[in-house]
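Asks: For reference, the file input21.txt (compact mmCIF, C-alpha atoms) is included below:
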# COMPACT_ATOMS: atom_id res chain seq x y z
CA MET A 1 22.57 27.04 174.49
CA ALA A 2 19.31 27.22 176.38
CA GLU A 3 18.57 23.65 175.39
CA ALA A 4 22.02 22.47 176.50
CA MET A 5 21.48 24.01 179.93
CA ALA A 6 17.97 22.63 180.38
CA PRO A 7 17.33 20.14 183.20
CA ALA A 8 18.19 16.55 182.35
CA THR A 9 14.69 15.21 183.05
CA ARG A 10 11.48 16.73 181.70
CA GLU A 11 7.83 15.74 181.81
CA LEU A 12 6.75 15.66 178.17
CA SER A 13 4.04 14.16 176.02
CA LEU A 14 5.22 11.81 173.27
CA GLN A 15 4.44 14.51 170.72
CA GLN A 16 6.44 17.09 172.70
CA ALA A 17 9.35 14.65 173.08
CA LEU A 18 9.49 14.23 169.30
CA ASN A 19 9.30 18.01 168.85
CA LEU A 20 12.20 18.53 171.26
CA ALA A 21 14.31 15.83 169.58
CA LEU A 22 13.68 17.33 166.13
CA SER A 23 14.53 20.82 167.36
CA GLU A 24 17.80 19.61 168.89
CA LEU A 25 18.67 17.66 165.74
CA LEU A 26 18.02 20.72 163.58
CA ALA A 27 20.24 22.77 165.91
CA GLU A 28 23.12 20.29 166.01
CA ASP A 29 23.37 19.49 162.29
CA PRO A 30 22.76 22.10 159.53
CA LYS A 31 22.23 19.23 157.07
CA VAL A 32 19.03 18.11 158.83
CA LEU A 33 15.87 19.10 156.92
CA VAL A 34 12.26 18.50 158.02
CA PHE A 35 9.47 18.48 155.45
CA GLY A 36 6.09 17.01 154.54
CA GLU A 37 2.43 17.88 154.26
CA ASP A 38 1.51 20.63 156.77
CA VAL A 39 4.71 20.24 158.83
CA GLY A 40 5.82 23.85 158.22
CA ALA A 41 3.31 26.65 158.70
CA LEU A 42 0.72 24.50 160.49
CA GLY A 43 3.24 22.57 162.61
CA GLY A 44 1.87 19.13 161.72
CA VAL A 45 -1.60 17.69 162.25
CA PHE A 46 -0.40 16.28 165.60
CA ARG A 47 1.73 19.37 166.45
CA VAL A 48 4.94 17.32 166.26
CA THR A 49 6.69 20.01 164.19
CA ASP A 50 4.99 22.93 165.97
CA GLY A 51 7.22 26.01 166.02
CA LEU A 52 10.15 24.38 164.20
CA ALA A 53 9.80 26.47 161.02
CA ALA A 54 9.75 29.70 163.04
CA LYS A 55 12.75 28.60 165.08
CA HIS A 56 14.95 26.99 162.43
CA GLY A 57 13.76 28.73 159.27
CA SER A 58 11.29 27.84 156.55
CA GLU A 59 14.19 26.75 154.30
CA ARG A 60 14.87 23.83 156.66
CA VAL A 61 11.33 23.07 157.88
CA PHE A 62 8.90 23.33 155.01
CA ASP A 63 5.60 22.23 153.48
CA THR A 64 5.42 19.96 150.46
CA PRO A 65 2.63 19.30 147.95
CA LEU A 66 0.14 16.50 148.70
CA ALA A 67 2.25 13.94 146.85
CA GLU A 68 3.93 11.27 148.96
CA SER A 69 5.95 9.81 146.10
CA SER A 70 7.54 13.21 145.50
CA ILE A 71 8.17 13.72 149.22
CA LEU A 72 10.25 10.53 149.23
CA GLY A 73 11.86 11.36 145.91
CA LEU A 74 12.88 14.73 147.32
CA ALA A 75 14.31 13.07 150.44
CA ILE A 76 16.32 10.57 148.38
CA GLY A 77 17.76 13.28 146.13
CA LEU A 78 18.63 15.48 149.11
CA ALA A 79 20.34 12.53 150.80
CA MET A 80 22.39 11.91 147.64
CA ALA A 81 23.41 15.59 147.80
CA GLY A 82 24.67 15.22 151.38
CA PHE A 83 21.64 16.27 153.43
CA ARG A 84 20.04 14.38 156.33
CA PRO A 85 16.33 14.57 155.49
CA VAL A 86 13.53 13.86 157.97
CA PRO A 87 10.41 13.69 155.79
CA GLU A 88 6.95 12.96 157.14
CA VAL A 89 4.16 10.98 155.56
CA GLN A 90 1.14 12.39 157.33
CA PHE A 91 -0.55 9.03 157.97
CA ASP A 92 0.36 5.35 157.61
CA GLY A 93 -2.15 4.81 154.80
CA PHE A 94 -0.55 7.61 152.78
CA ALA A 95 2.73 5.66 152.60
CA TYR A 96 1.29 3.44 149.85
CA PRO A 97 1.73 6.02 147.06
CA ALA A 98 5.40 6.34 148.14
CA MET A 99 6.16 2.60 148.27
CA SER A 100 7.98 2.52 144.94
CA GLN A 101 10.40 5.24 146.10
CA ILE A 102 10.80 3.56 149.51
CA VAL A 103 11.43 0.06 148.16
CA THR A 104 13.25 0.59 144.85
CA GLN A 105 15.27 3.71 145.72
CA LEU A 106 15.51 4.44 149.45
CA GLY A 107 16.20 0.86 150.53
CA ARG A 108 18.58 0.03 147.68
CA MET A 109 20.62 3.12 146.91
CA HIS A 110 23.48 2.27 149.26
CA TYR A 111 23.67 -1.28 147.90
CA ARG A 112 23.22 -0.25 144.27
CA SER A 113 25.98 2.35 144.46
CA ARG A 114 28.29 -0.18 146.16
CA GLY A 115 28.45 2.01 149.24
CA ALA A 116 29.15 5.28 147.43
CA LEU A 117 25.75 6.83 148.29
CA ARG A 118 24.34 6.79 151.79
CA MET A 119 20.66 7.32 152.58
CA PRO A 120 20.53 8.97 156.04
CA VAL A 121 16.76 9.49 155.70
CA THR A 122 14.36 9.12 158.62
CA LEU A 123 10.79 8.79 157.37
CA ARG A 124 8.35 9.69 160.14
CA VAL A 125 5.04 7.85 159.79
CA PRO A 126 2.24 8.43 162.33
CA SER A 127 1.03 4.84 162.59
CA PHE A 128 -1.43 2.34 164.05
CA GLY A 129 -5.01 2.92 165.17
CA GLY A 130 -6.89 3.93 168.28
CA ILE A 131 -7.94 7.53 167.62
CA ARG A 132 -11.27 7.02 165.81
CA ALA A 133 -9.79 8.36 162.57
CA PRO A 134 -11.16 7.65 159.08
CA GLU A 135 -9.99 5.01 156.60
CA ASN A 136 -6.25 4.91 155.76
CA HIS A 137 -5.44 6.56 159.12
CA GLY A 138 -5.07 3.43 161.26
CA GLU A 139 -2.80 1.03 159.39
CA SER A 140 0.04 -1.02 160.84
CA LEU A 141 2.66 -1.38 158.11
CA GLU A 142 5.64 -2.66 160.12
CA ALA A 143 5.76 -6.05 158.39
CA VAL A 144 5.66 -4.36 154.97
CA PHE A 145 8.57 -2.05 155.84
CA ALA A 146 10.55 -4.73 157.71
CA HIS A 147 10.38 -6.98 154.65
CA VAL A 148 12.23 -4.41 152.49
CA PRO A 149 16.02 -5.02 152.39
CA GLY A 150 18.06 -1.96 153.35
CA LEU A 151 15.55 -0.34 155.69
CA LYS A 152 15.63 -0.11 159.46
CA VAL A 153 12.29 0.19 161.29
CA ALA A 154 11.95 1.88 164.69
CA CYS A 155 8.84 2.20 166.86
CA PRO A 156 8.76 4.12 170.17
CA ALA A 157 6.28 3.19 172.91
CA ASP A 158 6.52 6.19 175.25
CA PRO A 159 7.94 9.75 175.39
CA GLN A 160 11.40 8.58 176.47
CA GLN A 161 11.66 6.07 173.64
CA ALA A 162 10.29 8.65 171.18
CA TYR A 163 13.02 11.13 172.08
CA THR A 164 15.85 8.61 172.23
CA LEU A 165 14.94 6.52 169.18
CA LEU A 166 14.29 9.55 166.96
CA LYS A 167 17.74 10.92 167.83
CA ALA A 168 19.30 7.55 167.00
CA ALA A 169 17.29 7.19 163.78
CA VAL A 170 18.23 10.61 162.40
CA ARG A 171 21.90 10.18 163.34
CA SER A 172 21.98 6.80 161.57
CA ASP A 173 23.45 6.82 158.07
CA ASP A 174 20.90 4.17 157.04
CA PRO A 175 17.30 4.84 156.05
CA VAL A 176 14.94 4.40 159.01
CA ILE A 177 11.16 4.11 158.91
CA PHE A 178 10.06 5.73 162.17
CA MET A 179 6.58 4.54 163.16
CA GLU A 180 4.97 6.87 165.70
CA PRO A 181 2.06 5.37 167.71
CA LYS A 182 -0.47 8.13 167.15
CA SER A 183 -2.80 6.97 169.94
CA ARG A 184 0.04 7.70 172.41
CA TYR A 185 0.96 11.21 171.17
CA TRP A 186 -0.70 12.81 174.19
CA GLN A 187 0.68 10.40 176.81
CA LYS A 188 3.06 12.17 179.18
CA GLY A 189 6.17 10.72 180.76
CA ALA A 190 9.59 11.57 182.12
CA VAL A 191 12.20 12.14 179.42
CA VAL A 192 15.91 12.01 180.25
CA THR A 193 17.54 13.96 177.43
CA GLU A 194 21.01 12.48 177.99
CA SER A 195 19.73 8.91 177.65
CA ALA A 196 22.04 6.83 175.49
CA ASP A 197 19.95 3.67 175.75
CA TRP A 198 18.71 3.39 172.19
CA ALA A 199 19.98 0.06 170.86
CA GLY A 200 17.93 -3.10 170.65
CA ALA A 201 14.88 -4.11 172.65
CA ARG A 202 14.24 -3.15 176.27
CA VAL A 203 12.61 -4.91 179.19
CA ALA A 204 9.73 -2.60 180.13
CA ARG A 205 8.69 -4.78 183.07
CA VAL A 206 10.53 -7.65 184.73
CA GLY A 207 8.59 -10.89 185.31
CA ARG A 208 9.12 -14.62 185.88
CA HIS A 209 6.36 -16.68 184.27
CA LEU A 210 5.69 -15.37 180.75
CA THR A 211 7.04 -12.79 178.29
CA LEU A 212 4.75 -10.39 176.42
CA VAL A 213 6.48 -8.96 173.33
CA ALA A 214 5.01 -5.76 171.89
CA TRP A 215 5.82 -2.44 170.26
CA GLY A 216 4.20 0.98 169.89
CA ALA A 217 0.88 1.51 171.64
CA MET A 218 0.59 -2.18 172.55
CA VAL A 219 3.43 -1.85 175.08
CA ALA A 220 1.28 0.30 177.39
CA ARG A 221 -1.60 -2.15 177.06
CA CYS A 222 0.69 -5.10 177.84
CA LEU A 223 1.96 -3.30 180.93
CA GLN A 224 -1.68 -2.94 182.08
CA VAL A 225 -2.23 -6.66 181.41
CA ALA A 226 0.90 -7.50 183.41
CA GLU A 227 -0.40 -5.58 186.41
CA LEU A 228 -3.80 -7.32 186.18
CA ALA A 229 -2.09 -10.73 185.87
CA THR A 230 -0.44 -10.26 189.26
CA GLU A 231 -3.95 -10.50 190.78
CA ASP A 232 -3.97 -14.10 189.54
CA GLY A 233 -0.46 -14.90 190.72
CA VAL A 234 1.08 -14.69 187.23
CA ASP A 235 4.25 -12.61 186.92
CA VAL A 236 4.53 -11.23 183.39
CA GLU A 237 7.63 -9.74 181.75
CA VAL A 238 7.05 -7.12 179.02
CA VAL A 239 9.62 -6.67 176.26
CA ASP A 240 9.35 -3.49 174.17
CA LEU A 241 10.91 -4.50 170.85
CA ARG A 242 11.68 -0.84 169.86
CA TRP A 243 13.53 -1.80 166.65
CA LEU A 244 11.32 -3.89 164.38
CA LYS A 245 14.24 -4.28 162.01
CA PRO A 246 16.80 -5.42 162.83
CA ILE A 247 15.08 -7.47 165.54
CA ASP A 248 17.03 -7.88 168.76
CA THR A 249 16.91 -11.68 168.90
CA GLU A 250 19.37 -11.83 171.81
CA SER A 251 17.05 -9.87 174.10
CA LEU A 252 14.08 -12.02 173.11
CA ALA A 253 16.07 -15.20 173.80
CA ALA A 254 17.29 -13.86 177.14
CA SER A 255 13.77 -13.03 178.30
CA VAL A 256 11.98 -16.15 177.06
CA GLY A 257 14.92 -18.34 178.08
CA LYS A 258 14.05 -17.24 181.61
CA THR A 259 10.22 -17.23 181.48
CA ARG A 260 9.82 -20.19 179.02
CA ARG A 261 6.51 -18.80 177.72
CA ALA A 262 5.85 -16.04 175.20
CA VAL A 263 2.92 -14.13 173.66
CA VAL A 264 3.44 -11.59 170.87
CA VAL A 265 0.93 -8.74 170.60
CA HIS A 266 0.41 -6.43 167.64
CA GLU A 267 -2.32 -4.36 166.00
CA ALA A 268 -1.49 -5.49 162.46
CA PRO A 269 -3.36 -8.42 160.89
CA LEU A 270 -2.28 -11.92 161.92
CA THR A 271 -1.16 -13.46 158.64
CA ALA A 272 2.47 -12.71 157.73
CA GLY A 273 2.54 -10.15 160.52
CA LEU A 274 5.73 -9.33 162.40
CA GLY A 275 4.51 -11.54 165.25
CA ALA A 276 5.27 -14.59 163.09
CA GLU A 277 8.88 -13.46 162.70
CA VAL A 278 9.22 -12.79 166.43
CA ALA A 279 7.65 -16.15 167.29
CA GLN A 280 10.00 -18.01 164.95
CA ARG A 281 13.11 -16.31 166.35
CA ILE A 282 12.02 -17.18 169.89
CA THR A 283 11.29 -20.76 168.85
CA GLU A 284 14.68 -21.18 167.15
CA ARG A 285 16.50 -20.01 170.24
CA CYS A 286 14.30 -21.40 173.01
CA PHE A 287 12.72 -24.56 171.53
CA GLY A 288 14.17 -26.83 174.18
CA THR A 289 12.82 -24.86 177.12
CA LEU A 290 9.54 -23.45 175.79
CA ARG A 291 6.54 -24.75 177.76
CA ALA A 292 4.12 -23.96 174.92
CA PRO A 293 4.12 -22.72 171.31
CA VAL A 294 4.54 -18.94 171.08
CA GLU A 295 1.05 -17.40 171.01
CA ARG A 296 0.02 -14.40 168.89
CA VAL A 297 -2.68 -11.86 169.81
CA THR A 298 -3.22 -9.53 166.86
CA GLY A 299 -5.64 -7.62 164.69
CA PHE A 300 -7.71 -9.60 162.22
CA ASP A 301 -7.11 -10.38 158.55
CA VAL A 302 -9.49 -7.63 157.44
CA PRO A 303 -9.06 -4.00 156.38
CA TYR A 304 -8.64 -1.72 159.39
CA PRO A 305 -12.21 -0.94 160.50
CA SER A 306 -13.99 2.35 161.08
CA GLY A 307 -13.68 4.04 164.48
CA ASP A 308 -16.80 2.42 165.94
CA LEU A 309 -15.26 -1.05 165.55
CA GLU A 310 -11.69 -0.18 166.53
CA ASP A 311 -11.99 -1.56 170.04
CA GLU A 312 -13.08 -4.92 168.63
CA TYR A 313 -10.12 -5.01 166.24
CA ILE A 314 -7.20 -3.85 168.35
CA PRO A 315 -6.04 -6.49 170.87
CA SER A 316 -7.95 -5.80 174.07
CA ILE A 317 -6.88 -6.53 177.61
CA ASP A 318 -9.19 -9.56 177.67
CA ARG A 319 -7.92 -10.94 174.35
CA ILE A 320 -4.34 -10.66 175.60
CA LEU A 321 -5.32 -12.38 178.86
CA PHE A 322 -6.94 -15.18 176.83
CA GLY A 323 -3.68 -15.54 174.87
CA ILE A 324 -1.75 -15.81 178.12
CA GLN A 325 -4.23 -18.38 179.43
CA ARG A 326 -3.83 -20.54 176.30
CA VAL A 327 -0.09 -20.63 176.89
CA LEU A 328 -0.42 -21.30 180.61
CA GLU A 329 -2.73 -24.28 180.16
CA TYR A 330 -0.89 -25.85 177.20
CA ARG A 331 0.22 -29.41 177.79
CA ARG A 332 2.51 -31.38 175.48
CA GLY A 333 1.33 -34.61 173.86
CA MET B 1 -1.88 26.83 173.42
CA ALA B 2 -2.15 26.54 169.65
CA GLU B 3 -4.31 28.70 167.41
CA ILE B 4 -6.00 26.91 164.54
CA PRO B 5 -7.77 29.04 161.93
CA PHE B 6 -10.76 27.75 159.97
CA PRO B 7 -11.40 29.57 156.70
CA LEU B 8 -14.82 29.57 155.05
CA PRO B 9 -15.02 26.42 152.88
CA ASP B 10 -16.76 26.14 149.53
CA LEU B 11 -20.21 25.04 150.73
CA GLY B 12 -21.46 23.91 147.34
CA GLU B 13 -19.76 23.34 144.05
CA GLY B 14 -17.92 26.44 142.97
CA LEU B 15 -19.55 28.90 145.36
CA ILE B 16 -17.39 31.96 145.98
CA GLU B 17 -18.90 33.51 149.12
CA ALA B 18 -21.46 33.24 151.89
CA THR B 19 -23.40 35.76 153.99
CA VAL B 20 -23.36 35.43 157.78
CA LEU B 21 -26.91 35.15 159.09
CA GLU B 22 -26.36 34.37 162.77
CA TRP B 23 -23.48 33.26 164.96
CA LEU B 24 -24.48 30.31 167.17
CA VAL B 25 -21.29 30.57 169.26
CA ALA B 26 -19.46 33.54 170.75
CA GLU B 27 -15.82 34.31 171.31
CA GLY B 28 -14.69 32.54 174.46
CA ASP B 29 -17.13 29.62 174.05
CA GLN B 30 -15.86 26.07 174.32
CA VAL B 31 -17.25 24.05 171.39
CA GLU B 32 -17.32 20.35 170.56
CA ARG B 33 -16.69 18.77 167.20
CA ASN B 34 -19.79 18.89 164.95
CA GLN B 35 -21.48 21.52 167.14
CA PRO B 36 -23.24 24.11 164.91
CA LEU B 37 -21.08 27.24 164.72
CA VAL B 38 -22.82 29.69 162.44
CA GLU B 39 -25.76 29.98 160.11
CA VAL B 40 -24.80 31.27 156.68
CA GLU B 41 -26.59 31.83 153.40
CA THR B 42 -25.08 31.00 150.03
CA ALA B 43 -26.39 31.45 146.50
CA LYS B 44 -27.94 28.01 146.92
CA SER B 45 -29.29 27.78 150.45
CA ALA B 46 -29.08 28.77 154.09
CA LEU B 47 -27.29 26.23 156.28
CA GLU B 48 -25.58 25.66 159.62
CA LEU B 49 -21.85 25.00 159.63
CA PRO B 50 -20.74 22.25 162.04
CA SER B 51 -17.46 22.73 163.88
CA PRO B 52 -14.59 20.76 162.33
CA GLN B 53 -13.02 20.26 165.78
CA ALA B 54 -13.27 20.84 169.51
CA GLY B 55 -11.69 23.92 171.02
CA ARG B 56 -12.26 27.37 172.47
CA VAL B 57 -13.51 30.03 170.08
CA LEU B 58 -10.79 32.67 170.01
CA LYS B 59 -12.18 34.91 167.27
CA VAL B 60 -15.10 35.01 164.85
CA TYR B 61 -15.16 37.00 161.61
CA GLY B 62 -18.18 38.70 160.06
CA ALA B 63 -21.23 40.28 161.73
CA PRO B 64 -24.71 39.20 160.58
CA GLY B 65 -25.25 40.49 157.05
CA GLU B 66 -21.57 40.58 156.15
CA VAL B 67 -20.31 38.66 153.13
CA ILE B 68 -17.25 36.41 153.55
CA PRO B 69 -15.37 35.15 150.47
CA VAL B 70 -14.54 31.43 150.37
CA GLY B 71 -11.05 30.93 151.82
CA ASP B 72 -11.16 34.02 154.04
CA PRO B 73 -10.99 33.61 157.83
CA LEU B 74 -14.25 32.52 159.45
CA ILE B 75 -13.20 31.45 162.94
CA VAL B 76 -10.06 30.80 164.97
CA PHE B 77 -9.94 28.02 167.57
CA GLU B 78 -7.60 27.83 170.51
CA VAL B 79 -6.66 24.35 171.70
CA PRO B 80 -4.17 23.07 174.29
CA ASP B 81 -0.83 22.06 172.78
CA ASP B 82 -1.18 18.50 174.02
CA ALA B 83 -4.67 18.00 172.58
CA ALA B 84 -4.24 19.73 169.27
CA GLY B 85 -4.54 16.77 166.90
CA ILE B 86 -6.57 17.83 163.88
CA VAL B 87 -7.55 14.31 162.86
CA GLY B 88 -9.14 11.85 165.25
CA THR B 89 -9.75 12.07 168.99
CA VAL B 90 -7.54 11.68 172.04
CA PRO B 91 -8.10 8.19 173.51
CA ALA B 92 -9.58 8.11 177.00
CA ASP B 93 -7.02 6.93 179.53
CA GLY B 94 -9.27 5.25 182.07
CA ALA B 95 -8.42 2.56 184.59
CA PRO B 96 -8.00 -0.82 182.87
CA THR B 97 -10.88 -3.26 183.27
CA ARG B 98 -10.99 -7.01 182.72
CA ARG B 99 -13.40 -9.93 182.51
CA VAL B 100 -10.92 -12.74 181.87
CA ARG B 101 -9.21 -14.34 184.88
CA LEU B 102 -6.08 -16.45 184.62
CA SER B 103 -5.79 -19.86 186.20
CA ALA B 104 -2.52 -21.71 186.15
CA ASN B 105 -0.60 -24.23 188.12
CA LEU B 106 2.79 -22.59 188.30
CA ASP B 107 3.99 -24.66 191.25
CA ASP B 108 6.52 -26.50 189.10
CA ASP B 109 8.12 -23.21 187.93
In structure tokens, write the structure found in this file.
Replies:
Amino acid sequence: MAEAMAPATRELSLQQALNLALSELLAEDPKVLVFGEDVGALGGVFRVTDGLAAKHGSERVFDTPLAESSILGLAIGLAMAGFRPVPEVQFDGFAYPAMSQIVTQLGRMHYRSRGALRMPVTLRVPSFGGIRAPENHGESLEAVFAHVPGLKVACPADPQQAYTLLKAAVRSDDPVIFMEPKSRYWQKGAVVTESADWAGARVARVGRHLTLVAWGAMVARCLQVAELATEDGVDVEVVDLRWLKPIDTESLAASVGKTRRAVVVHEAPLTAGLGAEVAQRITERCFGTLRAPVERVTGFDVPYPSGDLEDEYIPSIDRILFGIQRVLEYRRG
Amino acid sequence: MAEIPFPLPDLGEGLIEATVLEWLVAEGDQVERNQPLVEVETAKSALELPSPQAGRVLKVYGAPGEVIPVGDPLIVFEVPDDAAGIVGTVPADGAPTRRVRLSANLDDD
């Protein structure tokens, strides 16, 4: 009741917005369960589940063994039994041991059972780099997840999106991989708790000359680039993709149809990255009006580096500006 | 604020306890990651324990000369709720800087 009477807008960090959304989801649906490594007693290594076990009971918010495959297996079995599990894999790189469960069970169960069994599982995965963490703590797996039939993939960029998208993901009867940008956990922003704007992509900044497409932590960086570009007379639109699968092709076409130039930015390696899929969808829909091929500014085709080299790997403001410049100066023929 | 306990780790291979020699921090101190916290002596050697994280020291356990079993509380940190990540560091949120300038002829747009 206290939560229902709370003010509609709050100033929250991304981590606090996720915590609030989880607490409200636990309160509204007794079938929601939250579990993973250190999510119970400790409250999560990023405090996302802080206080939830005390508030909602350690039967519904609980710790699991250090075994990601069994965490997913548990979630799949609970979903088959009618629960709405919200498991956590503590870091992106720890999703690899669970890939068999994710691909061959979670993604396929609804199809395999001809619709008899739903998988309303939301797998929270703290993702991407930027916090000087050790190996296997900075991976960008969106293309891997998006390639798996049956999965949805969501990725919030700020506290508002974190709150809204997590609500939508958990309420969905389909399995959702929820990629949290860990470098933005501490970023604060206004959160409107009644927001119903959760579907598809969103225009984070309106512009005329060029569209930057990004997701997760790269949205904030692209917004910085857009502000800097105004100093040079270039008006940049920023599209926050939000759902990496299914991709909102209509919103991409609407934006690039207007600006006629596009650059996709992501932390993941270039080759077979999600930027290629985004670029192709834009090209299919906007080929006639595009002023230049869609440019990609991405990480490199190497293992994610140690903290000291992170700033060289993750697309920087200058690398994104270079990408914009390549598009601006492109001439046909 | 969040309280994060740090129990005495096994400082060798199969050690079961350590003796506190000298605390290098006091309750109330703000410490940085890797800052020496305490000097202890085990069956193998005397050594300084570096802090596993940044935070304010809320409580320390064991006066000099006292023996602490591995796994028992050694120290409790207090950290702000919005900076309480256990792995990694909070990225600095400074003003954006640039070297690259854009040049374009957008007159025909």
Asks: Find the spatial neighbours of Gly57 in chain A, counting all atoms listed in the file, within a cut-off of 12 Å - ignore same-chain residues fewer than 3 positions away - and output them as a list in words.
Replies: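 Here the answer would be Ser23, Leu26, Ala27, Pro30, Val32, Leu33, Val34, Phe35, Gly40, Ala41, Gly51, Leu52, Ala53, Ala54, Arg60, Val61, Phe62 and Asp63 of chain A.
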Asks: One decimal, Å: what's the distance from CA of Val256 in chain A over to CA of Leu290 in chain A, could you say?
Replies: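 Answer for the CA of Val256 in chain A to CA of Leu290 in chain A separation: 7.8 Å.
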Asks: With 7 Å as the cut-off and all atoms listed in the file counted, what is the closest atom pair between each nearby residue of chain A and chain B? Distances in Å to one decimal, ordered by chain and number, as a tab-separated table.
Replies:
residue	atom	partner	partner_atom	distance
A:Val45	CA	B:Ile86	CA	5.2
A:Phe46	CA	B:Gly85	CA	4.4
A:Arg47	CA	B:Ala84	CA	6.6
A:Gly130	CA	B:Pro91	CA	6.9
A:Ile131	CA	B:Gly88	CA	5.1
A:Arg132	CA	B:Gly88	CA	5.3
A:Ala133	CA	B:Gly88	CA	4.4
A:Ser183	CA	B:Pro91	CA	6.5
A:Trp186	CA	B:Asp82	CA	5.7
A:Gln224	CA	B:Pro96	CA	6.7
A:Asp232	CA	B:Leu102	CA	5.8
A:Ile317	CA	B:Arg98	CA	6.6
A:Asp318	CA	B:Val100	CA	5.5
A:Leu321	CA	B:Val100	CA	6.4
A:Phe322	CA	B:Val100	CA	6.9
A:Gln325	CA	B:Leu102	CA	5.8
A:Leu328	CA	B:Ala104	CA	5.9
A:Glu329	CA	B:Ala104	CA	6.5
Asks: Do a neighbour search on Glu142 in chain A at 12 Å with all atoms listed in the file, toss out local chain neighbours closer than 5 positions, and write the hits as a PyMOL selection string.
Replies: chain A and resi 92+95+125-128+147-148+151-155+176-181+215-216+242-247+266-269+272-275+277
Asks: Out of B:Gly55, B:Pro69, B:Pro50, B:Pro80, which residue has the shortest atom-to-atom distance to Leu37 in chain B when counting all atoms listed in the file?
Replies: B:Pro50
Asks: In the coordinates of the file, take the point (-3.0, 34.4, 174.2) and a cut-off of 12 Å; then, counting all atoms listed in the file, name each qualifying protein, DNA or RNA residue as an MDAnalysis selection string.
Replies: chainID B and resid 1:3 28 56 58:59 77:80
Asks: May I ask for the distance between CA of Pro87 in chain A and CA of Pro149 in chain A, given in Å to one decimal place?
Replies: 19.8 Å
